[in-house]
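Here's the structure, in structure tokens; my notes come after.
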Protein chains: 2
Amino acid sequence: MSGTSSEVISLVSPSLTDCRDLISDALAKQKVLVVAGNCTVNYEGRAASKLTWGERVLMIKADGSVLIHRRSGYEPVNWQPPKCQFRISLEEGKRLSVLATRQKPKESLRILFDDITVLLALSLTDEGEFAMHVTEEQMKQAIMRDPSLVEHGLKLISEERRMGDSGFTDVYAEDTHGRLVVVEIKRTAASRNAALQLNRYVETLRKRVNRPVRGILAAPELRSGTSTLLAKLGYDFKAVSPARCFEVLKPRTDARLSDFL
Amino acid sequence: MSGTSSEVISLVSPSLTDCRDLISDALAKQKVLVVAGNCTVNYEGRAASKLTWGERVLMIKADGSVLIHRRSGYEPVNWQPPKCQFRISLEEGKRLSVLATRQKPKESLRILFDDITVLLALSLTDEGEFAMHVTEEQMKQAIMRDPSLVEHGLKLISEERRMGDSGFTDVYAEDTHGRLVVVEIKRTAASRNAALQLNRYVETLRKRVNRPVRGILAAPELRSGTSTLLAKLGYDFKAVSPARCFEVLKPRTDARLSDFL
DNA sequence: ACGTCGATCTCGAAC
DNA sequence: GTTCGAGGTCGACGT
């Protein structure tokens, strides 16, 4: 019913005493722990929560983050971000308490097991590289490299000019008529909020310079109602596809990106 | 090295063929799957990502949600929200492919294992109840039930009056001098953004009514700089603690909450 | 179905 | 250290 090796410890129906020792050891060695069993969970900190008895999966990762998963739901029912400290203890010999605490903000998570179905301690070897593509940042890079993606003759002035209270704008440029152009970029279908955000940038800029300022919303598409609002505010929309951005980024991009294409 | 029962299947170093069969069976029975092994992951959908070879933990939950965890990090490196569909297959007998697809939005996650360290299939029995306390909504409820939490003599007018472009305000009231009061509530330390949000609400309201309008920011505390901004804008701050809100909500609250208190 | 907003958001970057 | 905005945000609630 159980097996061990240097790489993995897997125990089915282990005693709580064994679990205490193995969990403490695994934490010290920064292994990844997976514990399935019957438990309650109490959280106290930024908010407070209580979860009554039931079977869940506890995962403690090498950086001290904690996840408690129920049988359903993408998100953990309870958790603790990385770098928390642990105290493992047996209560009256028949309950195993896992206490994960964190300062700043001060919060604690307490998991109490009365039965453990399976315990895994894993030494994951993982030097893999994670690469994400078509982010908003990449769209911006593409537009900065080739502003004509947004409008013919557009000239880049600077990236992310500070705009006071309104935050930043994404790209700041000049059109063929010498008018300033604020380009707000969205990776996905732009909502009315995006139009309002663009409006704040343009309004802020107009207060600071004594020349015409245009606004362009650059995104793959617009959500319903956004086109109307954009027109009302007097700004333009330019459809920019992720694929086109790829094309622009391709030549100067590293091998990892190109073998994805 | 392995064990099974009606409740749990736990295999250490299983063959990929066994894994294919067990995973397919577990998915059909809506069990919770935990698979640790060497894999690559590719995502394609709202964005795109690629993760090269390394050891990770894959979890597939009863509702069809998918999580891939590396040794560190609170968040899964890749995932799929609930209700996705699966296709498990052996490629050339030496790689196990787990394909999780989702429509709306159309996206897919493909995990390819060349070695599996451990496989768990769990039937979690969990009828436990989860209760969370001190949410922003509960703070609002508390303040609506007892507006004096914010200011003596404050009278509630209506909840969440629509405020046009600015969005909503949290509580709309009247003070002892008959002035309108907009109360912006934050569960945690309020930032300058909260003050600006309050300002938008008040400004919007002032355009619509021909009478004095005050603004009050109600939160456990203020972040640095917020006090100054609030004063400059001419609004008040009222410290409202989660504990006080608890007290107000206590009497009319259900048994579950009360046994937590 | 879509849009909006809160979250124990988490995470990273900028200041 | 704090602040701020992005997220494959997710999830809930309203229309």
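The way I read the labels, and the way they are meant: chains A, B, ... in the order of the structure tokens, residue 1 as the first residue of every chain, and ligand 1 as the first ligand shown, with later ones counted on from there.
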
Residue neighbourhood Val171 in chain A, 12 Å, only C-alpha atoms (C1' of nucleotides), exclusion window fewer than 5 positions, as JSON, numbers by chain
{"A": [136, 137, 139, 140, 141, 142, 143, 144, 145, 146, 147, 150, 154, 155, 156, 157, 158, 159, 160, 161, 162, 163, 180, 181, 182, 183, 184, 185, 186, 198, 201, 202, 215, 216, 217, 218]}

Could those selected residues go to a file with C-alpha atoms, as a PDB file, in the first residue's frame?
ATOM      1  CA  GLU A 136      -0.545  43.393 -24.302  1.00  0.00           C
ATOM      2  CA  GLU A 137       3.138  44.207 -23.869  1.00  0.00           C
ATOM      3  CA  MET A 139       1.246  44.162 -28.955  1.00  0.00           C
ATOM      4  CA  LYS A 140       2.746  47.409 -27.737  1.00  0.00           C
ATOM      5  CA  GLN A 141       6.215  46.329 -28.821  1.00  0.00           C
ATOM      6  CA  ALA A 142       4.859  45.501 -32.252  1.00  0.00           C
ATOM      7  CA  ILE A 143       3.081  48.835 -32.611  1.00  0.00           C
ATOM      8  CA  MET A 144       6.145  50.689 -31.424  1.00  0.00           C
ATOM      9  CA  ARG A 145       8.289  48.874 -33.928  1.00  0.00           C
ATOM     10  CA  ASP A 146       5.808  49.570 -36.712  1.00  0.00           C
ATOM     11  CA  PRO A 147       3.350  52.381 -35.847  1.00  0.00           C
ATOM     12  CA  VAL A 150      -2.264  51.709 -36.180  1.00  0.00           C
ATOM     13  CA  LEU A 154       2.100  57.669 -37.578  1.00  0.00           C
ATOM     14  CA  LYS A 155       5.368  58.590 -35.867  1.00  0.00           C
ATOM     15  CA  LEU A 156       6.315  57.353 -32.426  1.00  0.00           C
ATOM     16  CA  ILE A 157       7.189  60.036 -29.864  1.00  0.00           C
ATOM     17  CA  SER A 158       7.664  58.100 -26.651  1.00  0.00           C
ATOM     18  CA  GLU A 159       6.515  55.063 -24.788  1.00  0.00           C
ATOM     19  CA  GLU A 160       4.358  55.303 -21.702  1.00  0.00           C
ATOM     20  CA  ARG A 161       4.479  59.016 -21.111  1.00  0.00           C
ATOM     21  CA  ARG A 162       3.299  59.736 -17.621  1.00  0.00           C
ATOM     22  CA  MET A 163      -0.179  61.162 -17.598  1.00  0.00           C
ATOM     23  CA  LEU A 180      -0.557  64.393 -31.054  1.00  0.00           C
ATOM     24  CA  VAL A 181      -2.002  60.890 -30.917  1.00  0.00           C
ATOM     25  CA  VAL A 182      -2.668  58.829 -27.821  1.00  0.00           C
ATOM     26  CA  VAL A 183      -2.917  55.119 -28.644  1.00  0.00           C
ATOM     27  CA  GLU A 184      -4.630  52.892 -26.111  1.00  0.00           C
ATOM     28  CA  ILE A 185      -3.861  49.227 -26.747  1.00  0.00           C
ATOM     29  CA  LYS A 186      -5.967  46.257 -25.699  1.00  0.00           C
ATOM     30  CA  LEU A 198      -8.407  56.537 -23.448  1.00  0.00           C
ATOM     31  CA  TYR A 201      -5.497  60.067 -21.128  1.00  0.00           C
ATOM     32  CA  VAL A 202      -6.482  62.429 -23.909  1.00  0.00           C
ATOM     33  CA  GLY A 215      -7.149  59.311 -29.435  1.00  0.00           C
ATOM     34  CA  ILE A 216      -6.978  55.912 -31.092  1.00  0.00           C
ATOM     35  CA  LEU A 217      -8.135  52.668 -29.544  1.00  0.00           C
ATOM     36  CA  ALA A 218      -6.123  49.770 -30.976  1.00  0.00           C
TER      37      ALA A 218
END

Report the closest atom pair, with its distance in Å rounded to one decimal, for each residue of chain B that has an atom no farther than 12 Å from chain C; count only C-alpha atoms (C1' of nucleotides), sort by chain and then rising residue number, and write it as a Markdown table.
| residue | atom | partner | partner_atom | distance |
| --- | --- | --- | --- | --- |
| B:Gly73 | CA | C:DT10 | C1' | 9.8 |
| B:Tyr74 | CA | C:DT10 | C1' | 7.9 |
| B:Glu75 | CA | C:DT10 | C1' | 7.5 |
| B:Pro76 | CA | C:DT10 | C1' | 11.0 |
| B:Lys104 | CA | C:DA1 | C1' | 10.9 |
| B:Met132 | CA | C:DT8 | C1' | 9.7 |
| B:His133 | CA | C:DT8 | C1' | 10.3 |
| B:Val134 | CA | C:DT8 | C1' | 10.3 |
| B:Thr135 | CA | C:DG6 | C1' | 9.3 |
| B:Glu136 | CA | C:DG6 | C1' | 8.2 |
| B:Glu137 | CA | C:DG6 | C1' | 9.2 |
| B:Gly167 | CA | C:DT4 | C1' | 9.2 |
| B:Phe168 | CA | C:DC5 | C1' | 10.2 |
| B:Lys186 | CA | C:DG6 | C1' | 10.7 |
| B:Arg187 | CA | C:DG6 | C1' | 10.6 |
| B:Thr188 | CA | C:DT8 | C1' | 10.6 |

Counting only C-alpha atoms, which residues of chain B come no farther than 7 Å from chain A, as a PyMOL selection string?
chain B and resi 1-3+12+32+47-56+61-63+65+71-74+81-82+124-134

Prev. selection, N, CA, C and O atoms, output as a CSV table (one decimal), in the first residue's frame:
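Result went into part-v5.csv, see below:
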chain,number,residue,atom,x,y,z
B,1,MET,N,4.8,-0.9,-4.1
B,1,MET,CA,5.0,0.4,-4.7
B,1,MET,C,3.6,1.0,-5.1
B,1,MET,O,3.5,2.1,-5.7
B,2,SER,N,2.5,0.3,-4.9
B,2,SER,CA,1.2,0.8,-5.3
B,2,SER,C,0.1,0.2,-4.4
B,2,SER,O,0.3,-0.8,-3.8
B,3,GLY,N,-1.0,0.9,-4.4
B,3,GLY,CA,-2.1,0.4,-3.6
B,3,GLY,C,-3.4,0.9,-4.2
B,3,GLY,O,-3.5,2.0,-4.8
B,12,VAL,N,2.7,4.3,-8.0
B,12,VAL,CA,4.1,4.9,-8.1
B,12,VAL,C,4.7,4.3,-9.4
B,12,VAL,O,4.7,3.1,-9.5
B,32,VAL,N,-11.1,13.0,-8.6
B,32,VAL,CA,-10.1,14.1,-8.6
B,32,VAL,C,-8.8,13.4,-8.9
B,32,VAL,O,-8.4,12.4,-8.3
B,47,ALA,N,-4.8,33.6,-25.1
B,47,ALA,CA,-3.4,33.9,-25.5
B,47,ALA,C,-2.8,32.6,-25.9
B,47,ALA,O,-3.5,31.7,-26.3
B,48,ALA,N,-1.5,32.5,-25.8
B,48,ALA,CA,-0.8,31.3,-26.2
B,48,ALA,C,0.4,31.2,-25.3
B,48,ALA,O,1.1,32.1,-25.0
B,49,SER,N,0.8,29.9,-24.9
B,49,SER,CA,2.0,29.8,-24.1
B,49,SER,C,2.6,28.4,-24.3
B,49,SER,O,1.9,27.5,-24.8
B,50,LYS,N,3.8,28.3,-24.0
B,50,LYS,CA,4.5,27.0,-24.2
B,50,LYS,C,5.5,26.8,-23.0
B,50,LYS,O,6.2,27.7,-22.5
B,51,LEU,N,5.4,25.6,-22.4
B,51,LEU,CA,6.2,25.3,-21.3
B,51,LEU,C,7.0,24.1,-21.6
B,51,LEU,O,6.5,23.0,-22.0
B,52,THR,N,8.4,24.2,-21.6
B,52,THR,CA,9.2,23.1,-22.0
B,52,THR,C,9.3,22.0,-20.9
B,52,THR,O,8.7,22.2,-19.8
B,53,TRP,N,10.0,20.9,-21.2
B,53,TRP,CA,10.0,19.8,-20.3
B,53,TRP,C,10.4,20.1,-18.9
B,53,TRP,O,11.3,20.9,-18.6
B,54,GLY,N,9.8,19.4,-18.0
B,54,GLY,CA,10.1,19.5,-16.6
B,54,GLY,C,9.0,18.7,-15.7
B,54,GLY,O,8.0,18.3,-16.3
B,55,GLU,N,9.3,18.5,-14.5
B,55,GLU,CA,8.4,17.8,-13.6
B,55,GLU,C,7.4,18.7,-13.0
B,55,GLU,O,7.8,19.7,-12.3
B,56,ARG,N,6.1,18.4,-13.1
B,56,ARG,CA,5.1,19.2,-12.5
B,56,ARG,C,4.0,18.3,-12.0
B,56,ARG,O,4.0,17.1,-12.2
B,61,LYS,N,-9.9,18.2,-11.7
B,61,LYS,CA,-11.0,18.1,-10.6
B,61,LYS,C,-12.3,17.6,-11.2
B,61,LYS,O,-12.4,17.5,-12.4
B,62,ALA,N,-13.2,17.3,-10.3
B,62,ALA,CA,-14.4,16.6,-10.7
B,62,ALA,C,-15.3,17.4,-11.7
B,62,ALA,O,-16.0,16.9,-12.5
B,63,ASP,N,-15.1,18.8,-11.7
B,63,ASP,CA,-15.9,19.6,-12.6
B,63,ASP,C,-15.2,19.9,-13.9
B,63,ASP,O,-15.7,20.7,-14.7
B,65,SER,N,-12.1,21.1,-14.3
B,65,SER,CA,-11.1,22.1,-14.2
B,65,SER,C,-9.7,21.5,-14.2
B,65,SER,O,-9.5,20.4,-13.7
B,71,ARG,N,7.0,23.5,-9.0
B,71,ARG,CA,7.4,23.3,-7.6
B,71,ARG,C,7.1,24.6,-6.8
B,71,ARG,O,7.0,24.5,-5.6
B,72,SER,N,7.1,25.7,-7.4
B,72,SER,CA,6.9,27.0,-6.7
B,72,SER,C,5.8,27.8,-7.3
B,72,SER,O,5.5,27.6,-8.5
B,73,GLY,N,5.3,28.7,-6.5
B,73,GLY,CA,4.3,29.6,-7.0
B,73,GLY,C,2.9,29.3,-6.6
B,73,GLY,O,2.4,28.2,-6.7
B,74,TYR,N,2.2,30.3,-6.1
B,74,TYR,CA,0.8,30.0,-5.7
B,74,TYR,C,-0.1,29.7,-6.9
B,74,TYR,O,-1.0,28.8,-6.8
B,81,PRO,N,-10.3,26.4,-16.9
B,81,PRO,CA,-11.5,26.6,-16.0
B,81,PRO,C,-12.4,25.4,-16.1
B,81,PRO,O,-12.2,24.5,-17.0
B,82,PRO,N,-13.4,25.3,-15.2
B,82,PRO,CA,-14.3,24.1,-15.2
B,82,PRO,C,-15.0,23.8,-16.5
B,82,PRO,O,-15.0,24.7,-17.4
B,124,LEU,N,-13.3,12.2,-3.5
B,124,LEU,CA,-13.4,13.0,-2.3
B,124,LEU,C,-14.9,13.2,-1.9
B,124,LEU,O,-15.7,13.6,-2.6
B,125,THR,N,-15.1,12.8,-0.6
B,125,THR,CA,-16.5,13.1,-0.1
B,125,THR,C,-16.4,14.3,0.8
B,125,THR,O,-15.6,14.4,1.7
B,126,ASP,N,-17.1,15.3,0.3
B,126,ASP,CA,-17.0,16.6,1.0
B,126,ASP,C,-18.3,17.4,1.0
B,126,ASP,O,-18.7,18.0,0.0
B,127,GLU,N,-19.0,17.3,2.1
B,127,GLU,CA,-20.3,18.0,2.3
B,127,GLU,C,-20.1,19.2,3.2
B,127,GLU,O,-21.0,19.8,3.7
B,128,GLY,N,-18.8,19.5,3.4
B,128,GLY,CA,-18.5,20.6,4.4
B,128,GLY,C,-19.1,22.0,3.9
B,128,GLY,O,-19.3,22.2,2.7
B,129,GLU,N,-19.3,22.9,4.8
B,129,GLU,CA,-19.8,24.2,4.5
B,129,GLU,C,-18.7,25.2,4.6
B,129,GLU,O,-17.9,25.2,5.6
B,130,PHE,N,-18.6,26.1,3.7
B,130,PHE,CA,-17.6,27.1,3.7
B,130,PHE,C,-18.3,28.5,4.0
B,130,PHE,O,-19.3,28.8,3.4
B,131,ALA,N,-17.8,29.2,5.0
B,131,ALA,CA,-18.4,30.5,5.3
B,131,ALA,C,-17.3,31.5,5.4
B,131,ALA,O,-16.3,31.3,6.0
B,132,MET,N,-17.5,32.6,4.7
B,132,MET,CA,-16.5,33.7,4.7
B,132,MET,C,-17.1,34.9,5.4
B,132,MET,O,-18.3,35.2,5.2
B,133,HIS,N,-16.3,35.6,6.1
B,133,HIS,CA,-16.8,36.7,6.9
B,133,HIS,C,-16.0,38.0,6.6
B,133,HIS,O,-14.9,37.9,6.1
B,134,VAL,N,-16.7,39.1,6.8
B,134,VAL,CA,-16.0,40.4,6.6
B,134,VAL,C,-15.7,40.7,5.2
B,134,VAL,O,-14.6,41.1,4.9

Identify every residue of chain D that has at least one atom within 9 Å of any atom of chain B, counting only C-alpha atoms (C1' of nucleotides), and report the result as a list of chain:residue names.
D:DT2, D:DT3, D:DG8, D:DC10

Could you save those same residues with C-alpha atoms (C1' of nucleotides) as an mmCIF file, in the first residue's frame?
data_model
loop_
_atom_site.group_PDB
_atom_site.id
_atom_site.type_symbol
_atom_site.label_atom_id
_atom_site.label_comp_id
_atom_site.auth_asym_id
_atom_site.auth_seq_id
_atom_site.Cartn_x
_atom_site.Cartn_y
_atom_site.Cartn_z
ATOM 1 C "C1'" DT D 2 4.516 51.167 -1.129
ATOM 2 C "C1'" DT D 3 1.691 51.943 -5.131
ATOM 3 C "C1'" DG D 8 -5.484 33.396 -20.429
ATOM 4 C "C1'" DC D 10 -11.800 33.888 -11.823
#

Taking the DSSP assignment computed from this structure's backbone, write out as a PyMOL selection string all residues of range 58-150 of chain B that belong to helix (DSSP H, G or I).
chain B and resi 136-145+147-149

Could you tell me how far CA of Ala190 in chain A lies from CA of Ala231 in chain A, in Å and to one decimal?
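Between these atoms lies a distance of 14.0 Å.
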